$ cat structure_35.cif   # mmCIF, C-alpha atoms and all ligand atoms
data_data
loop_
_atom_site.group_PDB
_atom_site.id
_atom_site.type_symbol
_atom_site.label_atom_id
_atom_site.label_comp_id
_atom_site.auth_asym_id
_atom_site.auth_seq_id
_atom_site.Cartn_x
_atom_site.Cartn_y
_atom_site.Cartn_z
ATOM 1 C CA MET A 22 139.185 -229.423 -247.418
ATOM 2 C CA ARG A 23 140.144 -228.293 -250.915
ATOM 3 C CA THR A 24 137.915 -226.628 -253.502
ATOM 4 C CA THR A 25 137.582 -226.678 -257.277
ATOM 5 C CA ALA A 26 135.719 -223.849 -259.019
ATOM 6 C CA VAL A 27 133.863 -224.917 -262.163
ATOM 7 C CA VAL A 28 132.750 -222.213 -264.595
ATOM 8 C CA ALA A 29 130.487 -223.106 -267.533
ATOM 9 C CA ALA A 30 130.864 -220.502 -270.233
ATOM 10 C CA TYR A 31 129.327 -220.054 -273.621
ATOM 11 C CA ASN A 32 130.487 -216.924 -275.433
ATOM 12 C CA GLU A 33 131.281 -214.898 -272.327
ATOM 13 C CA GLU A 34 134.246 -212.851 -273.564
ATOM 14 C CA LYS A 35 132.961 -209.688 -271.883
ATOM 15 C CA THR A 36 132.720 -211.047 -268.342
ATOM 16 C CA ILE A 37 134.793 -214.222 -268.032
ATOM 17 C CA GLY A 38 138.013 -212.307 -267.301
ATOM 18 C CA ASP A 39 136.505 -210.625 -264.224
ATOM 19 C CA VAL A 40 135.079 -213.902 -262.953
ATOM 20 C CA LEU A 41 138.442 -215.635 -263.308
ATOM 21 C CA ARG A 42 140.315 -212.743 -261.671
ATOM 22 C CA ALA A 43 138.041 -213.113 -258.640
ATOM 23 C CA LEU A 44 138.372 -216.905 -258.491
ATOM 24 C CA THR A 45 142.145 -216.984 -258.953
ATOM 25 C CA SER A 46 142.968 -214.181 -256.557
ATOM 26 C CA THR A 47 141.694 -215.931 -253.446
ATOM 27 C CA ASP A 48 143.326 -218.692 -251.394
ATOM 28 C CA LEU A 49 139.875 -220.107 -250.704
ATOM 29 C CA ILE A 50 139.860 -221.803 -254.121
ATOM 30 C CA ASP A 51 142.551 -224.320 -255.017
ATOM 31 C CA GLU A 52 141.713 -225.086 -258.630
ATOM 32 C CA VAL A 53 139.725 -223.285 -261.333
ATOM 33 C CA ILE A 54 138.292 -225.090 -264.365
ATOM 34 C CA VAL A 55 136.456 -223.316 -267.173
ATOM 35 C CA VAL A 56 134.446 -225.371 -269.614
ATOM 36 C CA SER A 57 133.822 -223.432 -272.790
ATOM 37 C CA ASP A 58 131.085 -225.055 -274.733
ATOM 38 C CA GLY A 59 131.889 -224.504 -278.366
ATOM 39 C CA SER A 60 132.257 -220.749 -277.797
ATOM 40 C CA ASP A 61 133.070 -218.914 -280.995
ATOM 41 C CA ASP A 62 134.165 -215.635 -279.426
ATOM 42 C CA ARG A 63 137.384 -214.940 -277.425
ATOM 43 C CA THR A 64 136.285 -216.852 -274.286
ATOM 44 C CA VAL A 65 138.872 -219.633 -274.655
ATOM 45 C CA GLU A 66 141.686 -217.236 -275.535
ATOM 46 C CA ILE A 67 140.958 -215.115 -272.437
ATOM 47 C CA CYS A 68 140.813 -218.169 -270.172
ATOM 48 C CA ARG A 69 144.093 -219.480 -271.495
ATOM 49 C CA GLY A 70 145.699 -216.187 -270.461
ATOM 50 C CA PHE A 71 145.204 -217.155 -266.795
ATOM 51 C CA GLU A 72 148.046 -219.284 -265.476
ATOM 52 C CA ARG A 73 146.070 -220.867 -262.659
ATOM 53 C CA VAL A 74 143.066 -221.797 -264.822
ATOM 54 C CA ARG A 75 142.527 -225.126 -266.548
ATOM 55 C CA THR A 76 140.558 -224.437 -269.695
ATOM 56 C CA ILE A 77 138.527 -227.165 -271.328
ATOM 57 C CA ALA A 78 137.279 -226.211 -274.762
ATOM 58 C CA LEU A 79 134.529 -228.487 -276.002
ATOM 59 C CA ARG A 80 134.458 -228.485 -279.770
ATOM 60 C CA GLU A 81 130.663 -228.387 -279.993
ATOM 61 C CA ASN A 82 127.927 -226.881 -277.898
ATOM 62 C CA HIS A 83 126.387 -229.431 -275.514
ATOM 63 C CA GLY A 84 124.573 -227.128 -273.097
ATOM 64 C CA LYS A 85 125.296 -225.790 -269.638
ATOM 65 C CA GLY A 86 124.604 -228.922 -267.568
ATOM 66 C CA PHE A 87 126.858 -231.050 -269.747
ATOM 67 C CA ALA A 88 129.669 -228.507 -269.455
ATOM 68 C CA MET A 89 129.305 -228.551 -265.670
ATOM 69 C CA ALA A 90 129.469 -232.356 -265.651
ATOM 70 C CA VAL A 91 132.662 -232.270 -267.732
ATOM 71 C CA GLY A 92 134.096 -229.788 -265.236
ATOM 72 C CA VAL A 93 133.191 -232.056 -262.320
ATOM 73 C CA ALA A 94 134.706 -235.092 -264.058
ATOM 74 C CA ASN A 95 137.992 -233.176 -264.345
ATOM 75 C CA ALA A 96 137.898 -231.616 -260.868
ATOM 76 C CA SER A 97 140.578 -232.743 -258.427
ATOM 77 C CA HIS A 98 138.782 -231.771 -255.218
ATOM 78 C CA ASP A 99 135.676 -232.735 -253.314
ATOM 79 C CA VAL A 100 134.123 -229.313 -252.725
ATOM 80 C CA LEU A 101 132.778 -227.773 -255.941
ATOM 81 C CA PHE A 102 132.218 -224.054 -256.365
ATOM 82 C CA PHE A 103 130.038 -223.394 -259.429
ATOM 83 C CA CYS A 104 129.968 -219.910 -260.858
ATOM 84 C CA ASP A 105 128.415 -218.628 -264.082
ATOM 85 C CA GLY A 106 130.775 -217.058 -266.572
ATOM 86 C CA ASP A 107 128.528 -214.000 -266.931
ATOM 87 C CA MET A 108 128.665 -212.805 -263.339
ATOM 88 C CA TYR A 109 130.245 -209.590 -262.229
ATOM 89 C CA ASN A 110 131.300 -208.085 -258.914
ATOM 90 C CA VAL A 111 132.217 -211.501 -257.462
ATOM 91 C CA THR A 112 134.310 -210.755 -254.366
ATOM 92 C CA GLU A 113 136.295 -212.812 -251.871
ATOM 93 C CA GLU A 114 133.554 -212.118 -249.288
ATOM 94 C CA HIS A 115 130.959 -213.669 -251.613
ATOM 95 C CA ILE A 116 133.174 -216.690 -252.155
ATOM 96 C CA ALA A 117 133.746 -217.102 -248.408
ATOM 97 C CA ALA A 118 130.040 -216.693 -247.586
ATOM 98 C CA LEU A 119 129.158 -219.486 -250.008
ATOM 99 C CA LEU A 120 132.026 -221.839 -249.246
ATOM 100 C CA GLU A 121 132.268 -221.710 -245.478
ATOM 101 C CA PRO A 122 128.972 -223.422 -244.525
ATOM 102 C CA VAL A 123 129.870 -226.387 -246.760
ATOM 103 C CA VAL A 124 133.480 -226.577 -245.581
ATOM 104 C CA ARG A 125 132.315 -226.363 -241.947
ATOM 105 C CA ASN A 126 129.878 -229.192 -242.699
ATOM 106 C CA GLU A 127 126.818 -227.123 -241.792
ATOM 107 C CA CYS A 128 125.203 -227.993 -245.135
ATOM 108 C CA ASP A 129 125.953 -230.029 -248.261
ATOM 109 C CA MET A 130 124.839 -227.466 -250.841
ATOM 110 C CA ASN A 131 124.782 -223.691 -250.431
ATOM 111 C CA ILE A 132 122.976 -221.704 -253.134
ATOM 112 C CA GLY A 133 123.906 -218.064 -253.690
ATOM 113 C CA ILE A 134 120.867 -215.847 -254.180
ATOM 114 C CA ARG A 135 121.411 -212.413 -255.689
ATOM 115 C CA ASP A 136 119.995 -209.700 -253.462
ATOM 116 C CA ARG A 137 116.785 -208.441 -255.094
ATOM 117 C CA GLY A 138 115.579 -206.199 -252.272
ATOM 118 C CA ALA A 139 113.588 -207.173 -249.171
ATOM 119 C CA VAL A 140 110.226 -207.797 -250.832
ATOM 120 C CA ALA A 141 111.528 -209.836 -253.767
ATOM 121 C CA ASN A 142 113.869 -211.798 -251.468
ATOM 122 C CA PHE A 143 110.923 -212.681 -249.256
ATOM 123 C CA PHE A 144 108.847 -213.914 -252.208
ATOM 124 C CA HIS A 145 111.783 -215.795 -253.671
ATOM 125 C CA LEU A 146 113.032 -217.445 -250.488
ATOM 126 C CA HIS A 147 109.956 -217.963 -248.349
ATOM 127 C CA LEU A 148 106.990 -218.148 -250.705
ATOM 128 C CA LYS A 149 108.976 -220.237 -253.197
ATOM 129 C CA CYS A 150 107.685 -218.386 -256.263
ATOM 130 C CA GLY A 151 109.411 -220.468 -258.887
ATOM 131 C CA PRO A 152 112.437 -222.734 -258.660
ATOM 132 C CA VAL A 153 115.762 -221.401 -257.390
ATOM 133 C CA LEU A 154 117.945 -221.548 -260.485
ATOM 134 C CA SER A 155 120.982 -219.628 -259.327
ATOM 135 C CA GLY A 156 124.222 -220.676 -261.055
ATOM 136 C CA ILE A 157 126.479 -219.646 -258.170
ATOM 137 C CA ARG A 158 126.449 -222.432 -255.625
ATOM 138 C CA VAL A 159 128.762 -224.672 -253.617
ATOM 139 C CA MET A 160 128.337 -228.375 -252.988
ATOM 140 C CA ARG A 161 130.137 -231.580 -252.267
ATOM 141 C CA ARG A 162 130.794 -233.774 -255.260
ATOM 142 C CA SER A 163 128.409 -236.395 -253.862
ATOM 143 C CA VAL A 164 125.536 -233.881 -254.197
ATOM 144 C CA PHE A 165 126.258 -233.298 -257.886
ATOM 145 C CA GLU A 166 126.389 -237.048 -258.392
ATOM 146 C CA THR A 167 122.830 -237.508 -257.125
ATOM 147 C CA VAL A 168 121.518 -236.088 -260.432
ATOM 148 C CA PRO A 169 121.028 -238.781 -263.097
ATOM 149 C CA PRO A 170 122.657 -237.811 -266.418
ATOM 150 C CA GLN A 171 119.365 -237.270 -268.235
ATOM 151 C CA TYR A 172 118.526 -234.496 -265.758
ATOM 152 C CA GLN A 173 121.915 -232.836 -266.017
ATOM 153 C CA ALA A 174 121.198 -231.564 -269.512
ATOM 154 C CA HIS A 175 121.167 -227.873 -270.438
ATOM 155 C CA TYR A 176 119.373 -225.579 -268.003
ATOM 156 C CA LYS A 177 117.718 -228.467 -266.152
ATOM 157 C CA ILE A 178 120.757 -228.926 -263.983
ATOM 158 C CA GLU A 179 120.079 -226.348 -261.264
ATOM 159 C CA ALA A 180 116.448 -227.297 -260.674
ATOM 160 C CA ALA A 181 117.486 -230.966 -260.797
ATOM 161 C CA LEU A 182 120.210 -230.373 -258.202
ATOM 162 C CA ASN A 183 117.650 -228.835 -255.832
ATOM 163 C CA CYS A 184 115.289 -231.817 -256.226
ATOM 164 C CA PHE A 185 117.796 -234.661 -256.067
ATOM 165 C CA CYS A 186 119.820 -233.084 -253.270
ATOM 166 C CA ALA A 187 116.663 -232.921 -251.155
ATOM 167 C CA ALA A 188 115.536 -236.416 -252.183
ATOM 168 C CA ALA A 189 118.894 -237.860 -251.134
ATOM 169 C CA GLY A 190 118.603 -236.233 -247.727
ATOM 170 C CA PHE A 191 121.427 -233.749 -248.213
ATOM 171 C CA ARG A 192 121.167 -230.442 -246.393
ATOM 172 C CA GLN A 193 120.624 -227.327 -248.555
ATOM 173 C CA ARG A 194 120.997 -223.701 -247.636
ATOM 174 C CA GLN A 195 120.486 -220.404 -249.473
ATOM 175 C CA THR A 196 122.691 -217.395 -248.866
ATOM 176 C CA ILE A 197 121.807 -213.889 -250.022
ATOM 177 C CA ILE A 198 124.743 -212.333 -251.838
ATOM 178 C CA ARG A 199 124.771 -208.532 -251.884
ATOM 179 C CA GLY A 200 126.344 -206.627 -254.771
ATOM 180 C CA LEU A 201 126.546 -209.590 -257.122
ATOM 181 C CA ASP A 202 125.030 -209.318 -260.574
ATOM 182 C CA HIS A 203 125.007 -211.079 -263.929
ATOM 183 C CA VAL A 204 124.287 -210.351 -267.561
ATOM 184 C CA ILE A 205 120.891 -211.476 -268.762
ATOM 185 C CA LYS A 206 120.300 -213.264 -272.048
ATOM 186 C CA GLU A 207 118.467 -210.329 -273.618
ATOM 187 C CA SER A 208 121.571 -208.120 -273.205
ATOM 188 C CA LYS A 209 123.955 -210.814 -274.451
ATOM 189 C CA ARG A 210 122.034 -211.970 -277.490
ATOM 190 C CA GLY A 211 119.665 -209.094 -278.286
ATOM 191 C CA LEU A 212 115.973 -208.911 -277.396
ATOM 192 C CA ARG A 213 114.562 -211.389 -279.897
ATOM 193 C CA ASP A 214 117.200 -214.155 -279.508
ATOM 194 C CA GLY A 215 117.415 -213.529 -275.770
ATOM 195 C CA LEU A 216 113.680 -213.984 -275.280
ATOM 196 C CA TYR A 217 113.778 -217.108 -277.414
ATOM 197 C CA ALA A 218 116.648 -218.520 -275.315
ATOM 198 C CA ARG A 219 114.760 -217.610 -272.126
ATOM 199 C CA TRP A 220 111.652 -219.407 -273.384
ATOM 200 C CA HIS A 221 113.818 -222.491 -274.035
ATOM 201 C CA MET A 222 115.325 -222.311 -270.566
ATOM 202 C CA MET A 223 111.949 -221.987 -268.856
ATOM 203 C CA ARG A 224 110.535 -224.789 -270.986
ATOM 204 C CA GLN A 225 113.362 -227.116 -269.964
ATOM 205 C CA VAL A 226 112.918 -226.306 -266.297
ATOM 206 C CA PHE A 227 109.147 -226.698 -266.506
ATOM 207 C CA LEU A 228 109.448 -230.068 -268.264
ATOM 208 C CA LEU A 229 111.936 -231.242 -265.655
ATOM 209 C CA LEU A 230 109.665 -230.280 -262.757
ATOM 210 C CA PHE A 231 106.659 -231.824 -264.487
ATOM 211 C CA ASP A 232 108.645 -234.976 -265.059
ATOM 212 C CA LEU A 233 109.875 -235.213 -261.488
ATOM 213 C CA TYR A 234 106.735 -234.219 -259.639
ATOM 214 C CA VAL A 235 103.999 -235.515 -261.951
ATOM 215 C CA PHE A 236 105.371 -238.450 -263.922
ATOM 216 C CA GLU A 237 108.351 -239.278 -261.702
ATOM 217 C CA THR A 238 109.901 -241.077 -264.624
ATOM 218 C CA TRP A 239 113.266 -240.816 -262.964
ATOM 219 C CA ARG A 240 112.223 -243.761 -260.828
ATOM 220 C CA TRP A 241 112.212 -246.087 -263.785
ATOM 221 C CA THR A 242 114.275 -244.388 -266.530
ATOM 222 C CA PRO A 243 117.500 -246.340 -266.855
ATOM 223 C CA ARG A 244 120.573 -244.277 -266.035
ATOM 224 C CA SER A 245 121.707 -243.131 -269.421
ATOM 225 C CA GLU A 246 125.298 -242.095 -269.969
ATOM 226 C CA LEU A 247 126.190 -238.552 -270.942
ATOM 227 C CA PRO A 248 127.195 -238.239 -274.588
ATOM 228 C CA VAL A 249 130.900 -238.366 -275.201
ATOM 229 C CA ALA A 250 132.384 -235.019 -276.150
ATOM 230 C CA GLU A 251 135.600 -234.241 -277.898
ATOM 231 C CA TYR A 252 137.540 -231.564 -276.150
ATOM 232 C CA ASP A 253 140.830 -229.769 -275.965
ATOM 233 C CA LEU A 254 142.306 -229.406 -272.500
ATOM 234 C CA PHE A 255 144.707 -226.491 -272.160
ATOM 235 C CA GLU A 256 146.873 -226.633 -269.045
HETATM 236 N N1 LIG B 301 129.046 -224.362 -271.138
HETATM 237 C C1 LIG B 301 127.896 -223.762 -271.443
HETATM 238 N N2 LIG B 301 127.537 -222.774 -270.687
HETATM 239 C C2 LIG B 301 126.393 -222.163 -270.997
HETATM 240 C C3 LIG B 301 125.561 -222.534 -272.073
HETATM 241 N N3 LIG B 301 124.511 -221.729 -272.085
HETATM 242 C C4 LIG B 301 124.702 -220.888 -271.065
HETATM 243 N N4 LIG B 301 125.836 -221.158 -270.422
HETATM 244 C C5 LIG B 301 126.455 -220.482 -269.291
HETATM 245 O O1 LIG B 301 125.621 -220.585 -268.179
HETATM 246 C C6 LIG B 301 125.630 -219.380 -267.454
HETATM 247 C C7 LIG B 301 124.238 -218.871 -267.285
HETATM 248 O O2 LIG B 301 123.634 -218.725 -268.562
HETATM 249 P P1 LIG B 301 122.538 -217.651 -268.863
HETATM 250 O O3 LIG B 301 122.044 -217.922 -270.231
HETATM 251 O O4 LIG B 301 123.038 -216.304 -268.560
HETATM 252 O O5 LIG B 301 121.388 -218.068 -267.869
HETATM 253 P P2 LIG B 301 120.894 -217.387 -266.540
HETATM 254 O O6 LIG B 301 121.965 -216.533 -265.952
HETATM 255 O O7 LIG B 301 120.356 -218.478 -265.691
HETATM 256 O O8 LIG B 301 119.654 -216.561 -267.038
HETATM 257 P P3 LIG B 301 119.557 -215.002 -267.415
HETATM 258 O O9 LIG B 301 118.584 -214.427 -266.459
HETATM 259 O O10 LIG B 301 119.078 -214.928 -268.803
HETATM 260 O O11 LIG B 301 120.912 -214.430 -267.353
HETATM 261 C C8 LIG B 301 126.564 -218.436 -268.219
HETATM 262 O O12 LIG B 301 127.829 -218.517 -267.622
HETATM 263 C C9 LIG B 301 126.602 -219.015 -269.596
HETATM 264 O O13 LIG B 301 127.808 -218.769 -270.270
HETATM 265 C C10 LIG B 301 125.976 -223.612 -272.876
HETATM 266 O O14 LIG B 301 125.337 -224.003 -273.852
HETATM 267 N N5 LIG B 301 127.149 -224.191 -272.493
HETATM 268 MG MG MG B 302 122.966 -214.812 -266.987
#

$ encode --input "structure_35.cif" --output "structure tokens"
Amino acid sequence: MRTTAVVAAYNEEKTIGDVLRALTSTDLIDEVIVVSDGSDDRTVEICRGFERVRTIALRENHGKGFAMAVGVANASHDVLFFCDGDMYNVTEEHIAALLEPVVRNECDMNIGIRDRGAVANFFHLHLKCGPVLSGIRVMRRSVFETVPPQYQAHYKIEAALNCFCAAAGFRQRQTIIRGLDHVIKESKRGLRDGLYARWHMMRQVFLLLFDLYVFETWRWTPRSELPVAEYDLFE
């Protein structure tokens, strides 16, 4: 069973190189696609420096979920390995730990949870304090396709994947990944803009959960199409 890695990246020039080195230096991944979403730093240039990476450069910013959907539409394989462009310390062991349960058909989606220490892990995994929004996760294409386009937008995508995967009867699993880390918004954009972006992210996730669990509008909202984006595909 072959695997495509899809990396959504918006202005990740500091970390994208390390992520791509990890993804391209393992035989576990057969294809790597980066979708840069109107980045105006050196993200696209760095990605294009990797021979084994297909770089899709969207001309305008459409948000993370849209970029992931573009990546999936261009993916050649059935197993999808999503990884954020701002992660660091991704190793082959991490990749194997996430991929293998899906490839062995033990689950349909495996979500990578960064190790936060025993107490925080317990709260996060067992007491379900807040939605699991991790951007490093593996799934079959059919799982991604359970999410209607209106719920793929921006930061809704991860929470939507959890909900629709479960609703469709697919099997989910969470795997604790030790040593993995990522850059938070406040470090990337500065405190003020970072907090503003975080508020937007939490708002989107909250509205999605409210919509799904209170209004359940997804039952009657017609399946809208994703907007069409112009992009350059560098191969
Ligand atoms: N393609 C695309 N990717 C995005 C966009 N916004 C964020 N991303 C990517 O999505 C990943 C996660 O984004 P972050 O903003 O760091 O969100 P997070 O990691 O969930 O939250 P933090 O705790 O703030 O780090 C990174 O790889 C970003 O580059 C966007 O508008 N378009
Ligand atoms: Mg981050």

$ residues_around --input "structure_35.cif" --residues "stretch 158-162 of chain A" --least-positions-apart "2" --cutoff "7 Å" --atoms "all atoms listed in the file" --output "list in words"
Asp99, Val100, Leu101, Phe102, Phe103, Cys104, Leu119, Leu120, Val123, Asp129, Met130, Asn131, Ile132, Gly133, Gly156, Val164, Phe165 and Glu166 of chain A

$ residues_near_ligand --input "structure_35.cif" --ligand "ligand LIG 301 (chain B)" --cutoff "9 Å" --atoms "all atoms listed in the file" --output "PDB file with C-alpha atoms, in the frame of the given file"
ATOM      1  CA  VAL A  28     132.750-222.213-264.595  1.00  0.00           C
ATOM      2  CA  ALA A  29     130.487-223.106-267.533  1.00  0.00           C
ATOM      3  CA  ALA A  30     130.864-220.502-270.233  1.00  0.00           C
ATOM      4  CA  TYR A  31     129.327-220.054-273.621  1.00  0.00           C
ATOM      5  CA  ASN A  32     130.487-216.924-275.433  1.00  0.00           C
ATOM      6  CA  GLU A  33     131.281-214.898-272.327  1.00  0.00           C
ATOM      7  CA  THR A  36     132.720-211.047-268.342  1.00  0.00           C
ATOM      8  CA  ILE A  37     134.793-214.222-268.032  1.00  0.00           C
ATOM      9  CA  VAL A  55     136.456-223.316-267.173  1.00  0.00           C
ATOM     10  CA  VAL A  56     134.446-225.371-269.614  1.00  0.00           C
ATOM     11  CA  SER A  57     133.822-223.432-272.790  1.00  0.00           C
ATOM     12  CA  ASP A  58     131.085-225.055-274.733  1.00  0.00           C
ATOM     13  CA  GLY A  59     131.889-224.504-278.366  1.00  0.00           C
ATOM     14  CA  SER A  60     132.257-220.749-277.797  1.00  0.00           C
ATOM     15  CA  LEU A  79     134.529-228.487-276.002  1.00  0.00           C
ATOM     16  CA  ASN A  82     127.927-226.881-277.898  1.00  0.00           C
ATOM     17  CA  HIS A  83     126.387-229.431-275.514  1.00  0.00           C
ATOM     18  CA  GLY A  84     124.573-227.128-273.097  1.00  0.00           C
ATOM     19  CA  LYS A  85     125.296-225.790-269.638  1.00  0.00           C
ATOM     20  CA  GLY A  86     124.604-228.922-267.568  1.00  0.00           C
ATOM     21  CA  PHE A  87     126.858-231.050-269.747  1.00  0.00           C
ATOM     22  CA  ALA A  88     129.669-228.507-269.455  1.00  0.00           C
ATOM     23  CA  MET A  89     129.305-228.551-265.670  1.00  0.00           C
ATOM     24  CA  CYS A 104     129.968-219.910-260.858  1.00  0.00           C
ATOM     25  CA  ASP A 105     128.415-218.628-264.082  1.00  0.00           C
ATOM     26  CA  GLY A 106     130.775-217.058-266.572  1.00  0.00           C
ATOM     27  CA  ASP A 107     128.528-214.000-266.931  1.00  0.00           C
ATOM     28  CA  MET A 108     128.665-212.805-263.339  1.00  0.00           C
ATOM     29  CA  LEU A 154     117.945-221.548-260.485  1.00  0.00           C
ATOM     30  CA  SER A 155     120.982-219.628-259.327  1.00  0.00           C
ATOM     31  CA  GLY A 156     124.222-220.676-261.055  1.00  0.00           C
ATOM     32  CA  HIS A 175     121.167-227.873-270.438  1.00  0.00           C
ATOM     33  CA  TYR A 176     119.373-225.579-268.003  1.00  0.00           C
ATOM     34  CA  HIS A 203     125.007-211.079-263.929  1.00  0.00           C
ATOM     35  CA  VAL A 204     124.287-210.351-267.561  1.00  0.00           C
ATOM     36  CA  ILE A 205     120.891-211.476-268.762  1.00  0.00           C
ATOM     37  CA  LYS A 206     120.300-213.264-272.048  1.00  0.00           C
ATOM     38  CA  GLU A 207     118.467-210.329-273.618  1.00  0.00           C
ATOM     39  CA  SER A 208     121.571-208.120-273.205  1.00  0.00           C
ATOM     40  CA  LYS A 209     123.955-210.814-274.451  1.00  0.00           C
ATOM     41  CA  GLY A 215     117.415-213.529-275.770  1.00  0.00           C
ATOM     42  CA  LEU A 216     113.680-213.984-275.280  1.00  0.00           C
ATOM     43  CA  ALA A 218     116.648-218.520-275.315  1.00  0.00           C
ATOM     44  CA  ARG A 219     114.760-217.610-272.126  1.00  0.00           C
ATOM     45  CA  MET A 222     115.325-222.311-270.566  1.00  0.00           C
TER      46      MET A 222
END

$ atom_distance --input "structure_35.cif" --atom1 "atom CA of A:Arg192" --atom2 "atom CA of A:Glu127"
8.0 Å

$ atom_distance --input "structure_35.cif" --atom1 "atom CA of A:Tyr252" --atom2 "atom CA of A:Arg63"
16.7 Å

$ resolve_selection --input "structure_35.cif" --expression "the PyMOL selection byres (((chain A and resi 42) around 12) and not hetatm)" --output "PyMOL selection string"
chain A and resi 36-41+43-47+50+53+67-68+70-74+106+108-113

$ closest_residue --input "structure_35.cif" --among "A:Val140, A:Ile197, A:Leu230, A:Met223" --to "A:Leu182" --atoms "all atoms listed in the file"
A:Leu230

$ closest_residue --input "structure_35.cif" --among "A:Asp51, A:Asp253, A:Asp202, A:Glu114" --to "ligand MG 302 (chain B)" --atoms "only C-alpha atoms and all ligand atoms"
A:Asp202

$ closest_residue --input "structure_35.cif" --among "A:Arg210, A:Pro122, A:Ala117, A:Glu251" --to "ligand MG 302 (chain B)" --atoms "only C-alpha atoms and all ligand atoms"
A:Arg210
